[in-house]
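Trainee: Structure below; questions to follow.
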Amino acid sequence: MDPDLKIELRRQGIFTTTLEELYNWGRKSSVWPLTFGLACCAIEMIATTMARYDLARFGAEVFRPSPRQADLMIVAGTVTKKMAPQVVRLYNQMPEPKYVIAMGACAISGGPFKQGYNVLKGIDRYIPVDVHIPGCPPRPEALMDAFITLQKKIDAQPLTGVDRPRHLNADEPSEFVVPQYGAHDLVPAKNPKLWNIITKPTSKECMAGVDESGKD
Amino acid sequence: MNLEKIKSEIEAAVPGCSVRIVLNSSPSEQHSLVLGREHALEVARFLRDESELRLDYCSNVTGVDWLDKETSEKVKVKQVVDGVEQEVEEVRKTRTPGYLEAVYHLYSMEKKHGPLVVRMQTEDRADGVRLPSLTPVWRSAEFQEREIFDLYGIVFEGHPDLRRILMWDEFEDHPMRKDYVEPNDYEYEPTPHDAVLEKSKQARTLEQ
């Protein structure tokens, strides 16, 4: 339906919708995050849910203490290699549809600990991340922005066709490999299905000193 | 706190023990006592219970890794060269084997003095890495000795629960040792420098 016509009809008191819109509206308006924090970013996440910033305005007021009841995992903080298997296991235990926000420098890249031996270089090596927020730690406004971005993403998901979300596609995996503790590192060190980006820079990048991966 | 006095008191109280004073030449002048492994536990008990010292609080335990050290010094030696006696300079190299060290910082809550720095040294860095645990004397050393065991690999004998505390149990390395090699999982860095620059150069040669 033509969006202008829809708005015009709404002015006249006639409300039109589709099942897809209704379904996505319902899902995006009551995203239940998992009560789950790993480091200082969790403090900002707590601040976001409290009265001053009040994440409840966007329908995410119920933080669930069980992964079985949660839709959204906010990976708030440093993911150490020792903690990574537990994070993936919690994610696997969440029912579909489920979403992930990687909050802060550590969760998206390892942050200041990137060159260390004990911190994961980003949780997106093991679980699919929907929204990345940079910052150390990101302010509550940044988390709310990420949340609104996620809501837009949910709203735009088609329920049929090739672009349908993972939970409506039986061929897509719903569980991700839980890394094992190895003698020197986690085994596997990354999930190659999720993280197949070439990690070595091309010589062109080295010369220019600019990350070209963002450009097509 | 007079270290000489404490040293002589320890030697009088615990016969046969070896105590050595290590001077710190930095402005802090925090000199320390190196205890022999065999009698360290008895000495620790003495330091805690002796009425003048009463070092009842162990605030900090940490480890140090000392690598094998090679020192060279020039020595003038008299040698007969072509029938004439001459003074010739000769370079002598002495090799000091490396060892691991545990450092304890002791205070007294009762007497309001401290710190007294106490050290223990292992035999070497490979097999002789055993030290007596001082956890039976100062309970606060428990987790810190576990951390030293985890990161340096010193085995504390007499520790009630010696397990890794930071890394997972299956982990085999000791990351704080100077010869630790971390897993090679270099990823692109926009502004590499120092050790990371070396890694980025390595990655670049691999790619070519």
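Residue numbers start at 1 in each chain; chains themselves are named A, B, ... in the order of the structure tokens; ligands are numbered from 1 in the order shown.
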Please identify every residue of chain B that has at least one atom no farther than 9 Å from an atom of chain A, counting only C-alpha atoms, and for each give the shortest atom pair and the distance in Å to one decimal, arranged by chain then increasing number, as a tab-separated table.

Mentor:
```
residue	atom	partner	partner_atom	distance
B:Leu166	CA	A:Lys82	CA	8.2
B:Met167	CA	A:Lys82	CA	6.6
B:Trp168	CA	A:Lys82	CA	6.2
B:Asp169	CA	A:Tyr181	CA	8.3
B:Glu170	CA	A:Ala183	CA	5.6
B:Phe171	CA	A:Ala183	CA	4.5
B:Glu172	CA	A:Ala183	CA	5.2
B:Asp173	CA	A:His184	CA	6.7
B:Pro175	CA	A:Tyr117	CA	7.7
B:Glu182	CA	A:Tyr117	CA	5.9
B:Pro183	CA	A:Asp185	CA	6.6
B:Asp185	CA	A:Ala189	CA	8.4
B:Tyr186	CA	A:Gln115	CA	7.8
B:Glu187	CA	A:Thr199	CA	5.3
B:Tyr188	CA	A:Pro201	CA	5.7
B:Glu189	CA	A:Pro201	CA	8.5
B:Pro190	CA	A:Gly209	CA	6.1
B:Thr191	CA	A:Gly209	CA	7.5
B:Val196	CA	A:Gln115	CA	7.6
B:Ser200	CA	A:Lys200	CA	8.4
B:Ala203	CA	A:Lys200	CA	6.4
B:Arg204	CA	A:Lys200	CA	7.2
B:Leu206	CA	A:Lys200	CA	9.0
B:Glu207	CA	A:Lys200	CA	7.1
B:Gln208	CA	A:Ser203	CA	8.3
```

Trainee: Might you pull out every residue within 9 Å of segment 32-37 of chain A, with only C-alpha atoms counted and same-chain residues fewer than 2 positions away left off, and present them as a list in words?

Mentor: Ser30, Ala39, Cys40, Cys41, Ala42, Ile43, Met45, Ile46, Gly59, Ala60, Glu61, Val62, Phe63, Arg64, Pro65, Ser66, Pro67, Gln69, Ala70, Asp71, Leu72, Met73, Ile74, Val75, Ala76 and Gly77 of chain A

Trainee: From the options B:Val43, B:Leu55, B:Val64, B:Val34, which residue's atoms come nearest to His113 of chain B, counting only C-alpha atoms?

Mentor: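 Residue with the minimum atom-to-atom distance to His113 of chain B: B:Leu55.
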
Trainee: With a distance cut-off of 9 Å and only C-alpha atoms, select the neighbouring residues of segment 91-95 of chain B, excluding the residue or stretch itself and same-chain residues fewer than 6 positions from it, and output the selection as an MDAnalysis selection string.

Mentor: chainID B and resid 68:76

Trainee: Report as an mmCIF file with all heavy atoms, in the first residue's frame all protein, DNA and RNA residues lying within 10 Å of Tyr107 of chain B, evaluated on only C-alpha atoms, omitting residues in the same chain fewer than 3 positions from it.

Mentor:
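Below is the file that was written, around_29.cif:
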```cif
data_model
loop_
_atom_site.group_PDB
_atom_site.id
_atom_site.type_symbol
_atom_site.label_atom_id
_atom_site.label_comp_id
_atom_site.auth_asym_id
_atom_site.auth_seq_id
_atom_site.Cartn_x
_atom_site.Cartn_y
_atom_site.Cartn_z
ATOM 1 N N ARG B 48 55.562 -13.147 62.617
ATOM 2 C CA ARG B 48 54.193 -12.817 62.990
ATOM 3 C C ARG B 48 54.018 -12.774 64.513
ATOM 4 O O ARG B 48 53.335 -11.899 65.043
ATOM 5 C CB ARG B 48 53.225 -13.854 62.403
ATOM 6 C CG ARG B 48 51.774 -13.502 62.638
ATOM 7 C CD ARG B 48 50.863 -14.649 62.294
ATOM 8 N NE ARG B 48 51.148 -15.805 63.126
ATOM 9 C CZ ARG B 48 50.534 -16.981 62.987
ATOM 10 N NH1 ARG B 48 49.642 -17.165 62.054
ATOM 11 N NH2 ARG B 48 50.844 -17.988 63.790
ATOM 12 N N LEU B 53 57.924 -7.459 66.847
ATOM 13 C CA LEU B 53 57.624 -7.283 65.422
ATOM 14 C C LEU B 53 56.119 -7.351 65.151
ATOM 15 O O LEU B 53 55.532 -6.414 64.613
ATOM 16 C CB LEU B 53 58.337 -8.355 64.594
ATOM 17 C CG LEU B 53 59.862 -8.213 64.528
ATOM 18 C CD1 LEU B 53 60.474 -9.462 63.956
ATOM 19 C CD2 LEU B 53 60.241 -7.005 63.693
ATOM 20 N N ARG B 54 55.516 -8.483 65.527
ATOM 21 C CA ARG B 54 54.066 -8.705 65.365
ATOM 22 C C ARG B 54 53.590 -8.327 63.951
ATOM 23 O O ARG B 54 52.638 -7.561 63.784
ATOM 24 C CB ARG B 54 53.256 -7.928 66.410
ATOM 25 C CG ARG B 54 53.383 -8.464 67.809
ATOM 26 C CD ARG B 54 52.686 -9.786 68.022
ATOM 27 N NE ARG B 54 51.225 -9.663 68.017
ATOM 28 C CZ ARG B 54 50.429 -10.554 67.467
ATOM 29 N NH1 ARG B 54 50.915 -11.605 66.847
ATOM 30 N NH2 ARG B 54 49.123 -10.392 67.514
ATOM 31 N N LEU B 55 54.270 -8.837 62.915
ATOM 32 C CA LEU B 55 53.865 -8.543 61.533
ATOM 33 C C LEU B 55 52.652 -9.417 61.208
ATOM 34 O O LEU B 55 52.765 -10.499 60.655
ATOM 35 C CB LEU B 55 55.027 -8.814 60.581
ATOM 36 C CG LEU B 55 56.221 -7.886 60.821
ATOM 37 C CD1 LEU B 55 57.479 -8.450 60.233
ATOM 38 C CD2 LEU B 55 55.938 -6.507 60.275
ATOM 39 N N ASP B 56 51.484 -8.908 61.599
ATOM 40 C CA ASP B 56 50.289 -9.748 61.541
ATOM 41 C C ASP B 56 49.488 -9.572 60.246
ATOM 42 O O ASP B 56 48.464 -10.198 60.062
ATOM 43 C CB ASP B 56 49.380 -9.458 62.745
ATOM 44 C CG ASP B 56 49.157 -7.966 62.941
ATOM 45 O OD1 ASP B 56 49.504 -7.194 62.026
ATOM 46 O OD2 ASP B 56 48.646 -7.580 63.999
ATOM 47 N N TYR B 57 49.963 -8.695 59.360
ATOM 48 C CA TYR B 57 49.159 -8.405 58.168
ATOM 49 C C TYR B 57 50.020 -8.517 56.919
ATOM 50 O O TYR B 57 51.011 -7.791 56.777
ATOM 51 C CB TYR B 57 48.560 -6.998 58.300
ATOM 52 C CG TYR B 57 47.857 -6.496 57.077
ATOM 53 C CD1 TYR B 57 46.839 -7.246 56.481
ATOM 54 C CD2 TYR B 57 48.185 -5.268 56.511
ATOM 55 C CE1 TYR B 57 46.190 -6.790 55.355
ATOM 56 C CE2 TYR B 57 47.529 -4.802 55.393
ATOM 57 C CZ TYR B 57 46.537 -5.564 54.826
ATOM 58 O OH TYR B 57 45.891 -5.107 53.710
ATOM 59 N N CYS B 58 49.660 -9.426 56.031
ATOM 60 C CA CYS B 58 50.367 -9.581 54.764
ATOM 61 C C CYS B 58 49.538 -8.879 53.697
ATOM 62 O O CYS B 58 48.475 -9.351 53.314
ATOM 63 C CB CYS B 58 50.521 -11.069 54.445
ATOM 64 S SG CYS B 58 51.225 -11.373 52.839
ATOM 65 N N SER B 59 50.023 -7.723 53.266
ATOM 66 C CA SER B 59 49.175 -6.901 52.387
ATOM 67 C C SER B 59 49.273 -7.326 50.942
ATOM 68 O O SER B 59 48.336 -7.164 50.182
ATOM 69 C CB SER B 59 49.559 -5.426 52.514
ATOM 70 O OG SER B 59 50.677 -5.146 51.700
ATOM 71 N N ASN B 60 50.416 -7.875 50.550
ATOM 72 C CA ASN B 60 50.618 -8.096 49.118
ATOM 73 C C ASN B 60 51.608 -9.230 48.904
ATOM 74 O O ASN B 60 52.602 -9.329 49.609
ATOM 75 C CB ASN B 60 51.152 -6.802 48.491
ATOM 76 C CG ASN B 60 51.440 -6.954 47.027
ATOM 77 O OD1 ASN B 60 50.682 -7.596 46.311
ATOM 78 N ND2 ASN B 60 52.547 -6.409 46.585
ATOM 79 N N TYR B 104 56.764 -10.875 49.518
ATOM 80 C CA TYR B 104 55.689 -10.643 50.478
ATOM 81 C C TYR B 104 55.899 -9.295 51.144
ATOM 82 O O TYR B 104 57.011 -8.982 51.559
ATOM 83 C CB TYR B 104 55.687 -11.737 51.565
ATOM 84 C CG TYR B 104 55.363 -13.115 51.060
ATOM 85 C CD1 TYR B 104 56.302 -13.839 50.330
ATOM 86 C CD2 TYR B 104 54.128 -13.714 51.315
ATOM 87 C CE1 TYR B 104 56.014 -15.104 49.854
ATOM 88 C CE2 TYR B 104 53.839 -14.972 50.841
ATOM 89 C CZ TYR B 104 54.780 -15.665 50.119
ATOM 90 O OH TYR B 104 54.492 -16.912 49.647
ATOM 91 N N GLU B 110 49.127 -4.117 64.825
ATOM 92 C CA GLU B 110 49.201 -3.871 66.263
ATOM 93 C C GLU B 110 50.243 -2.805 66.577
ATOM 94 O O GLU B 110 49.979 -1.857 67.301
ATOM 95 C CB GLU B 110 49.558 -5.194 66.939
ATOM 96 C CG GLU B 110 49.326 -5.211 68.424
ATOM 97 C CD GLU B 110 49.758 -6.551 69.000
ATOM 98 O OE1 GLU B 110 49.195 -7.586 68.593
ATOM 99 O OE2 GLU B 110 50.667 -6.552 69.840
ATOM 100 N N LYS B 111 51.441 -2.966 65.971
ATOM 101 C CA LYS B 111 52.551 -2.047 66.276
ATOM 102 C C LYS B 111 52.571 -0.845 65.328
ATOM 103 O O LYS B 111 53.399 0.052 65.497
ATOM 104 C CB LYS B 111 53.880 -2.790 66.178
ATOM 105 C CG LYS B 111 54.007 -3.963 67.115
ATOM 106 C CD LYS B 111 54.294 -3.483 68.515
ATOM 107 C CE LYS B 111 54.400 -4.682 69.441
ATOM 108 N NZ LYS B 111 54.417 -4.298 70.862
ATOM 109 N N LYS B 112 51.741 -0.848 64.331
ATOM 110 C CA LYS B 112 51.667 0.233 63.334
ATOM 111 C C LYS B 112 53.015 0.462 62.655
ATOM 112 O O LYS B 112 53.509 1.587 62.589
ATOM 113 C CB LYS B 112 51.193 1.551 63.974
ATOM 114 C CG LYS B 112 49.890 1.430 64.740
ATOM 115 C CD LYS B 112 48.738 1.937 63.926
ATOM 116 C CE LYS B 112 47.462 1.960 64.726
ATOM 117 N NZ LYS B 112 47.029 0.650 65.217
ATOM 118 N N HIS B 113 53.645 -0.614 62.233
ATOM 119 C CA HIS B 113 54.861 -0.414 61.446
ATOM 120 C C HIS B 113 54.865 -1.349 60.230
ATOM 121 O O HIS B 113 54.032 -2.222 60.087
ATOM 122 C CB HIS B 113 56.119 -0.560 62.298
ATOM 123 C CG HIS B 113 56.298 -1.925 62.915
ATOM 124 N ND1 HIS B 113 57.078 -2.129 64.010
ATOM 125 C CD2 HIS B 113 55.792 -3.133 62.605
ATOM 126 C CE1 HIS B 113 57.047 -3.400 64.330
ATOM 127 N NE2 HIS B 113 56.267 -4.027 63.497
ATOM 128 N N GLY B 114 55.794 -1.086 59.355
ATOM 129 C CA GLY B 114 55.903 -1.837 58.119
ATOM 130 C C GLY B 114 56.164 -0.899 56.971
ATOM 131 O O GLY B 114 56.225 0.306 57.183
ATOM 132 N N PRO B 115 56.361 -1.331 55.759
ATOM 133 C CA PRO B 115 56.352 -2.756 55.421
ATOM 134 C C PRO B 115 57.720 -3.400 55.597
ATOM 135 O O PRO B 115 58.735 -2.728 55.469
ATOM 136 C CB PRO B 115 55.995 -2.708 53.932
ATOM 137 C CG PRO B 115 56.592 -1.431 53.453
ATOM 138 C CD PRO B 115 56.526 -0.471 54.595
ATOM 139 N N LEU B 116 57.682 -4.680 55.866
ATOM 140 C CA LEU B 116 58.891 -5.484 55.792
ATOM 141 C C LEU B 116 58.757 -6.332 54.533
ATOM 142 O O LEU B 116 57.757 -7.025 54.355
ATOM 143 C CB LEU B 116 59.015 -6.378 57.033
ATOM 144 C CG LEU B 116 60.199 -7.346 57.003
ATOM 145 C CD1 LEU B 116 61.510 -6.598 57.147
ATOM 146 C CD2 LEU B 116 60.084 -8.381 58.097
ATOM 147 N N VAL B 117 59.738 -6.227 53.645
ATOM 148 C CA VAL B 117 59.660 -6.972 52.381
ATOM 149 C C VAL B 117 60.449 -8.263 52.531
ATOM 150 O O VAL B 117 61.633 -8.239 52.860
ATOM 151 C CB VAL B 117 60.216 -6.130 51.213
ATOM 152 C CG1 VAL B 117 60.009 -6.861 49.903
ATOM 153 C CG2 VAL B 117 59.546 -4.777 51.181
#
```

Trainee: Using backbone DSSP assignments, extract all strand (DSSP E or B) residues from segment 108-210 of chain A; output them as a PDB file with N, CA and C atoms, in the first residue's frame.

Mentor:
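Written output follows (selection33.pdb):
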```
ATOM      1  N   VAL A 119      41.975 -11.860  26.588  1.00  0.00           N
ATOM      2  CA  VAL A 119      40.702 -11.213  26.253  1.00  0.00           C
ATOM      3  C   VAL A 119      40.352 -11.502  24.795  1.00  0.00           C
ATOM      4  N   VAL A 131      23.966  -5.084  16.672  1.00  0.00           N
ATOM      5  CA  VAL A 131      24.368  -3.686  16.763  1.00  0.00           C
ATOM      6  C   VAL A 131      25.660  -3.602  17.575  1.00  0.00           C
ATOM      7  N   HIS A 132      26.647  -2.886  17.047  1.00  0.00           N
ATOM      8  CA  HIS A 132      27.879  -2.620  17.786  1.00  0.00           C
ATOM      9  C   HIS A 132      27.846  -1.178  18.303  1.00  0.00           C
ATOM     10  N   ILE A 133      28.207  -0.972  19.572  1.00  0.00           N
ATOM     11  CA  ILE A 133      28.330   0.395  20.082  1.00  0.00           C
ATOM     12  C   ILE A 133      29.776   0.620  20.483  1.00  0.00           C
ATOM     13  N   GLN A 180      35.914 -24.515  23.481  1.00  0.00           N
ATOM     14  CA  GLN A 180      36.451 -25.307  24.589  1.00  0.00           C
ATOM     15  C   GLN A 180      37.743 -24.658  25.088  1.00  0.00           C
ATOM     16  N   TYR A 181      38.042 -24.894  26.363  1.00  0.00           N
ATOM     17  CA  TYR A 181      39.303 -24.407  26.915  1.00  0.00           C
ATOM     18  C   TYR A 181      40.445 -25.273  26.399  1.00  0.00           C
ATOM     19  N   LEU A 186      41.547 -20.659  23.270  1.00  0.00           N
ATOM     20  CA  LEU A 186      40.252 -21.299  23.098  1.00  0.00           C
ATOM     21  C   LEU A 186      40.274 -22.122  21.816  1.00  0.00           C
ATOM     22  N   VAL A 187      39.547 -23.248  21.819  1.00  0.00           N
ATOM     23  CA  VAL A 187      39.465 -24.110  20.637  1.00  0.00           C
ATOM     24  C   VAL A 187      37.989 -24.244  20.232  1.00  0.00           C
TER      25      VAL A 187
END
```

Trainee: What is the atom CA of Ser32 of chain B-atom CA of Phe156 of chain B distance in Å, reported with one decimal?

Mentor: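 Here the two named atoms are 20.5 Å from each other.
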
Trainee: Just to confirm, what's the straight-line distance from atom CA of Thr78 of chain A to atom CA of Phe113 of chain A in Å (one decimal)?

Mentor: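 Interatomic distance, atom CA of Thr78 of chain A to atom CA of Phe113 of chain A: 8.5 Å.
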